[in-house]
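Here is the structure we will look at, set down as structure tokens.
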Amino acid sequence: MTSMQIFDPSLDKILEQKNSLSVFPVRADEPDYAKLKNVGSQESNCYGGSIPLVTLEETESLRINGVEAIGENPDRNKQHAFHFNADNCIGCHACETACSEKNDLPPHISFRSVGYIEGGTYPSYQRMNISMACNHCDDPVCLKGCPTRAYTKHEEFGAVIQDPDICFGCGYCTWVCPYNAPQLDTEAGQVEKCNMCVDRLEVGLKPACVSACVGNALDFGVVENTPEGREQIATQLPGFPDPDITKPNIRFEQSSSLPREMARTDSAPVKYVRQADGQFKPAIDRKEGTKKHWNFARLSSRENPLVLFTLATQTAMGLFITLFVAAQLGSPALSVLAGSALYPLAILLVCGLTGLGLFMSTIHLGKPMRFYRGFNNLRHSPVCREGLGILLFMIFAGLHLIASLPANAVIQSFVVLPDSVLLTCNSVALVCGCLATLAACTGLYYMYRCYRIKARPFWDHWQSASAFTGNTIGLGAMLAAVLLVPAALVERSDYSALLMVLSALVAVGIALEGIGLLVHSRAMKTASHEGAASHYIQTTTFGKTYCLRNILMGINFLCLLALTAACSLNLISGAGGLLMLLGVAVSIFLVAVTGRALFYVLVIPTTMPGAFFWKNKAFEQHARDIGLADFPQVGLVPDGH
């Protein structure tokens, strides 16, 4: 009878072991299939990038578990990749289990997941399983998008590693990644992802998921090397997003014939249709029929703070530009406001709305107290540039307010300042106003760039710019009218010219947004990507809400044209014009909120297919409706941010 050897997991004991590199314990009986093979490599990959990332002498320690040791793998400086053989995968989920066990993951987080697509009819029904984790891309969009610089593309093994301690939980990397690799843990308030098991690689072992694969579907090694017993190293697979987005380091084999159409088993209305060149492209799968619904309750989502953030900041920017630029251009209807008592209050409201927007964007974070890290990646991240632009806008608008106070008629009635001081203050106010306008335009541009995401085709259209710009013009001018027209009415002065100019501006904003929506709708109807599926949901699941939004937008536009014409003919006076203005303002606000909520809930990312229970939005909603989601073992992400 042999005695059992007890493994001591302490670091000191690991350092004493000769068969370990001090970063991961290696068993004496480690099977050969779990070990990395050193078989040489090509000099470049299929994307034209270099496989040797640096010379072997330049590689550094990955400091795993605080250990400075460097692995002896001769391919340590080369880009490594997963290889997935779809013909061999039996959907046992052993890879998921091994990954979760090694990384000690909670039930609702999985760095590797297995989904499937199916097609055909009995008796020729076929199912293809897909196992997917991080692909450690040549062009990692998660790294460029992350505002905190939590991601690093290492020259050792080519691993893209994310540091949860740096992350503040904005989740932007989960938006831009086409493969749903980064996982937002709403309970921990941070993102985590597959780290290529670099601790195992350092000691010559393949990642845990590969070693655990029962069907020999997963393999791992230097990219472009064909694993033993394999014939293909393709870059595409049915259901796999366009590799040109990030140049992923994963290779596929799938030689068995598949039906012309393969459907997802999750609730996403997407299927994959084989083209003439043999590649599969996404198309709409009309699972829910064509009936239209309201679904007002489903307009609420985790992105509600972003709905308020974008609308509040756009309204503030629009109000400031309307008042400041009109004054500089000498608009008779608006320039007189620069010296009135209402002007400081209006600019103060601008700063307040901007502050509210920034506060909402902060509470959207998983770790709000780390908001200051949102400027760490100005070189790459549009999120950083957006936040900086809006923050500078608020600062310069505040300085403009302070500098403009000495010239204000109300202040001058109490304090008389020398002309030289007034001249200096006016110059400072002008400079700060110009800088605030520039910062507003910059922030608005990068707000738009945040949503030009190839992994979310519904957003990746210039309509996002027309919607944001239209709301900035329309909401800003409308708020200006709501502030200024009642003031003019109280002072018993004629507000026809003022209302005419502002109504025309609001109408321009609505027209700009409406044109974008019309062009976007036509583009999505003819598209062959997930954006078309998003538009299908828009016209069915939210069909009645979508129609109501469009009808109200048209009515608002016509009312504003009528209001502009009536003002030009001096047909508007007294409280009647004010009541009409307030009615249109309420309608415009409701349209803006509804449209922005639809913007967030409709988008379908280019993620890999899920399963019936796992990563299936319909099942998640059903589980929440019946209370099943309250049990952590079900594995649903907590409904929060």
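Going through the structure tokens in order, the chains are called A, B, and so on, while each chain numbers its residues from 1 and the ligands are numbered from 1 in the order shown.
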
Got a sec: who's within 6 Å of region 549-564 of chain A, counting only C-alpha atoms, leaving out chain neighbours fewer than 4 positions off, as a PyMOL selection string? chain A and resi 500+503+507+591

Pull C-alpha atoms from the residues just selected and write them as a short mmCIF file (atom, residue, chain, number, x, y, z; two decimals), in the first residue's frame.
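And here is the file that came out, again-v4.cif:
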```cif
data_model
loop_
_atom_site.label_atom_id
_atom_site.label_comp_id
_atom_site.auth_asym_id
_atom_site.auth_seq_id
_atom_site.Cartn_x
_atom_site.Cartn_y
_atom_site.Cartn_z
CA MET A 500 -38.92 82.61 -32.92
CA SER A 503 -38.06 77.58 -31.74
CA ALA A 507 -36.63 72.53 -34.92
CA VAL A 591 -38.98 61.84 -26.67
#
```

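Scanning region 167-262 of chain A with DSSP on the backbone, the alpha helix (DSSP H) assignments fall on Tyr172, Cys173, Thr174, Trp175, Val176, Val198, Asp199, Arg200, Leu201, Glu202, Ala208, Cys209, Val210, Ser211 and Ala212 of chain A.
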
Save the residues we just selected, N, CA and C atoms, as a short mmCIF file (atom, residue, chain, number, x, y, z; two decimals), in the first residue's frame?
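Saved as result.cif:
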```cif
data_model
loop_
_atom_site.label_atom_id
_atom_site.label_comp_id
_atom_site.auth_asym_id
_atom_site.auth_seq_id
_atom_site.Cartn_x
_atom_site.Cartn_y
_atom_site.Cartn_z
N TYR A 172 -16.54 49.60 -20.06
CA TYR A 172 -16.40 49.96 -21.48
C TYR A 172 -15.69 48.87 -22.27
N CYS A 173 -14.74 48.17 -21.63
CA CYS A 173 -14.04 47.09 -22.33
C CYS A 173 -15.00 45.96 -22.70
N THR A 174 -16.06 45.77 -21.92
CA THR A 174 -17.04 44.74 -22.24
C THR A 174 -17.89 45.16 -23.45
N TRP A 175 -17.95 46.46 -23.72
CA TRP A 175 -18.66 46.94 -24.90
C TRP A 175 -17.85 46.72 -26.16
N VAL A 176 -16.56 47.07 -26.10
CA VAL A 176 -15.76 47.09 -27.32
C VAL A 176 -15.25 45.71 -27.72
N VAL A 198 -0.80 32.41 -17.57
CA VAL A 198 0.63 32.63 -17.76
C VAL A 198 1.46 31.97 -16.67
N ASP A 199 0.88 31.76 -15.49
CA ASP A 199 1.63 31.06 -14.45
C ASP A 199 1.91 29.62 -14.85
N ARG A 200 0.96 28.99 -15.54
CA ARG A 200 1.18 27.63 -16.05
C ARG A 200 2.15 27.65 -17.24
N LEU A 201 2.01 28.65 -18.10
CA LEU A 201 2.91 28.73 -19.26
C LEU A 201 4.36 28.86 -18.81
N GLU A 202 4.59 29.59 -17.74
CA GLU A 202 5.96 29.78 -17.26
C GLU A 202 6.63 28.47 -16.87
N ALA A 208 -5.26 25.88 -18.14
CA ALA A 208 -6.09 24.90 -17.43
C ALA A 208 -7.23 24.39 -18.30
N CYS A 209 -7.88 25.28 -19.06
CA CYS A 209 -9.00 24.85 -19.89
C CYS A 209 -8.57 23.85 -20.95
N VAL A 210 -7.37 24.05 -21.51
CA VAL A 210 -6.86 23.14 -22.54
C VAL A 210 -6.55 21.78 -21.93
N SER A 211 -5.90 21.79 -20.77
CA SER A 211 -5.53 20.54 -20.12
C SER A 211 -6.75 19.73 -19.69
N ALA A 212 -7.87 20.42 -19.43
CA ALA A 212 -9.07 19.73 -18.95
C ALA A 212 -9.98 19.27 -20.07
#
```

Ranking A:Thr545, A:Ser113, A:Asn616, A:Asn103 by minimum distance to Thr594 (chain A) and counting only C-alpha atoms, which one comes first? A:Thr545

Please identify all polymer residues within 9 Å of region 299-302 of chain A, counting only C-alpha atoms, omitting same-chain residues fewer than 5 positions from it, and present them as a ChimeraX atom specification. /A:364,542,594,597-598,600-601,639-641

N, CA and C atoms of the current selection, written as an mmCIF file, in the first residue's frame:
```cif
data_model
loop_
_atom_site.group_PDB
_atom_site.id
_atom_site.type_symbol
_atom_site.label_atom_id
_atom_site.label_comp_id
_atom_site.auth_asym_id
_atom_site.auth_seq_id
_atom_site.Cartn_x
_atom_site.Cartn_y
_atom_site.Cartn_z
ATOM 1 N N HIS A 364 -22.290 55.331 -12.099
ATOM 2 C CA HIS A 364 -22.396 54.189 -13.002
ATOM 3 C C HIS A 364 -21.206 53.255 -12.844
ATOM 4 N N PHE A 542 -40.201 46.523 -29.081
ATOM 5 C CA PHE A 542 -40.485 47.897 -28.676
ATOM 6 C C PHE A 542 -41.184 48.652 -29.801
ATOM 7 N N THR A 594 -36.925 58.663 -23.973
ATOM 8 C CA THR A 594 -37.308 57.387 -24.590
ATOM 9 C C THR A 594 -36.304 56.973 -25.656
ATOM 10 N N ALA A 597 -33.032 55.832 -24.010
ATOM 11 C CA ALA A 597 -33.192 54.516 -23.385
ATOM 12 C C ALA A 597 -33.208 53.413 -24.437
ATOM 13 N N LEU A 598 -33.913 53.639 -25.552
ATOM 14 C CA LEU A 598 -33.905 52.669 -26.648
ATOM 15 C C LEU A 598 -32.495 52.473 -27.188
ATOM 16 N N TYR A 600 -29.743 52.398 -25.704
ATOM 17 C CA TYR A 600 -28.942 51.485 -24.885
ATOM 18 C C TYR A 600 -29.506 50.062 -24.839
ATOM 19 N N VAL A 601 -30.814 49.910 -24.778
ATOM 20 C CA VAL A 601 -31.364 48.562 -24.588
ATOM 21 C C VAL A 601 -31.437 47.759 -25.888
ATOM 22 N N ASP A 639 -28.309 41.958 -10.971
ATOM 23 C CA ASP A 639 -28.888 43.025 -11.786
ATOM 24 C C ASP A 639 -28.561 44.383 -11.177
ATOM 25 N N GLY A 640 -27.399 44.862 -11.487
ATOM 26 C CA GLY A 640 -26.964 46.145 -10.965
ATOM 27 C C GLY A 640 -25.680 46.547 -11.641
ATOM 28 N N HIS A 641 -25.077 47.610 -11.160
ATOM 29 C CA HIS A 641 -23.790 48.037 -11.711
ATOM 30 C C HIS A 641 -22.910 48.509 -10.573
#
```

Point-to-point distance from CA of Ala523 (chain A) to CA of Pro605 (chain A), Å rounded to tenths: 17.1 Å

Gly158 (chain A) surroundings by only C-alpha atoms, 7 Å radius, close-in-sequence under 6 positions cut, as a count of residues only: 4

If we count only C-alpha atoms, what is near Cys351 (chain A) at a cut-off of 10 Å, once residues fewer than 4 positions away on the same chain are taken out, given as a PyMOL selection string? chain A and resi 313+316-317+320+345-347+355-357+391+393-398+401

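Of the listed residues (A:Met580, A:Ile109, A:Leu36, A:Leu399), A:Ile109 comes nearest to Thr97 (chain A); the distances count only C-alpha atoms.
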
I'd like the contact shell of Cys194 (chain A) - 7 Å cut-off, only C-alpha atoms, skipping same-chain residues fewer than 4 positions apart - returned as a PyMOL selection string. chain A and resi 111+133-134

Now that the selection is made, can you save its residues with N, CA and C atoms as a PDB file, in the first residue's frame?
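What follows is the written file result-v7.pdb:
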```pdb
ATOM      1  N   PHE A 111     -14.611  33.072 -17.324  1.00  0.00           N
ATOM      2  CA  PHE A 111     -13.675  33.589 -18.325  1.00  0.00           C
ATOM      3  C   PHE A 111     -13.787  32.837 -19.650  1.00  0.00           C
ATOM      4  N   ALA A 133     -12.856  32.080 -25.032  1.00  0.00           N
ATOM      5  CA  ALA A 133     -12.337  32.906 -23.939  1.00  0.00           C
ATOM      6  C   ALA A 133     -11.682  34.125 -24.567  1.00  0.00           C
ATOM      7  N   CYS A 134     -10.799  34.779 -23.833  1.00  0.00           N
ATOM      8  CA  CYS A 134     -10.068  35.903 -24.416  1.00  0.00           C
ATOM      9  C   CYS A 134      -9.132  35.389 -25.498  1.00  0.00           C
TER      10      CYS A 134
END
```

To one decimal in Å, tell me the separation between CA of Gly278 (chain A) and CA of Arg230 (chain A).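 Value for the CA of Gly278 (chain A)-CA of Arg230 (chain A) distance: 20.2 Å.
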
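Distances from A:Cys197, A:Cys177, A:Ala488, A:Cys425 to Lys247 (chain A) were compared using only C-alpha atoms, and the smallest one belongs to A:Cys177.
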
Residues of region 521-625 of chain A within 7 Å of region 439-459 of chain A: nearest atom pair and distance (Å, one decimal) for each, counting only C-alpha atoms, sorted by chain and number, as JSON lines?
```
{"residue": "A:His529", "atom": "CA", "partner": "A:Pro457", "partner_atom": "CA", "distance": 7.0}
{"residue": "A:Glu530", "atom": "CA", "partner": "A:Pro457", "partner_atom": "CA", "distance": 6.2}
{"residue": "A:Gly531", "atom": "CA", "partner": "A:Phe458", "partner_atom": "CA", "distance": 4.0}
{"residue": "A:Ser534", "atom": "CA", "partner": "A:Phe458", "partner_atom": "CA", "distance": 6.5}
{"residue": "A:Val603", "atom": "CA", "partner": "A:Phe458", "partner_atom": "CA", "distance": 5.8}
{"residue": "A:Ile604", "atom": "CA", "partner": "A:Arg456", "partner_atom": "CA", "distance": 6.3}
{"residue": "A:Pro605", "atom": "CA", "partner": "A:Arg456", "partner_atom": "CA", "distance": 4.6}
{"residue": "A:Thr606", "atom": "CA", "partner": "A:Ala455", "partner_atom": "CA", "distance": 5.3}
```
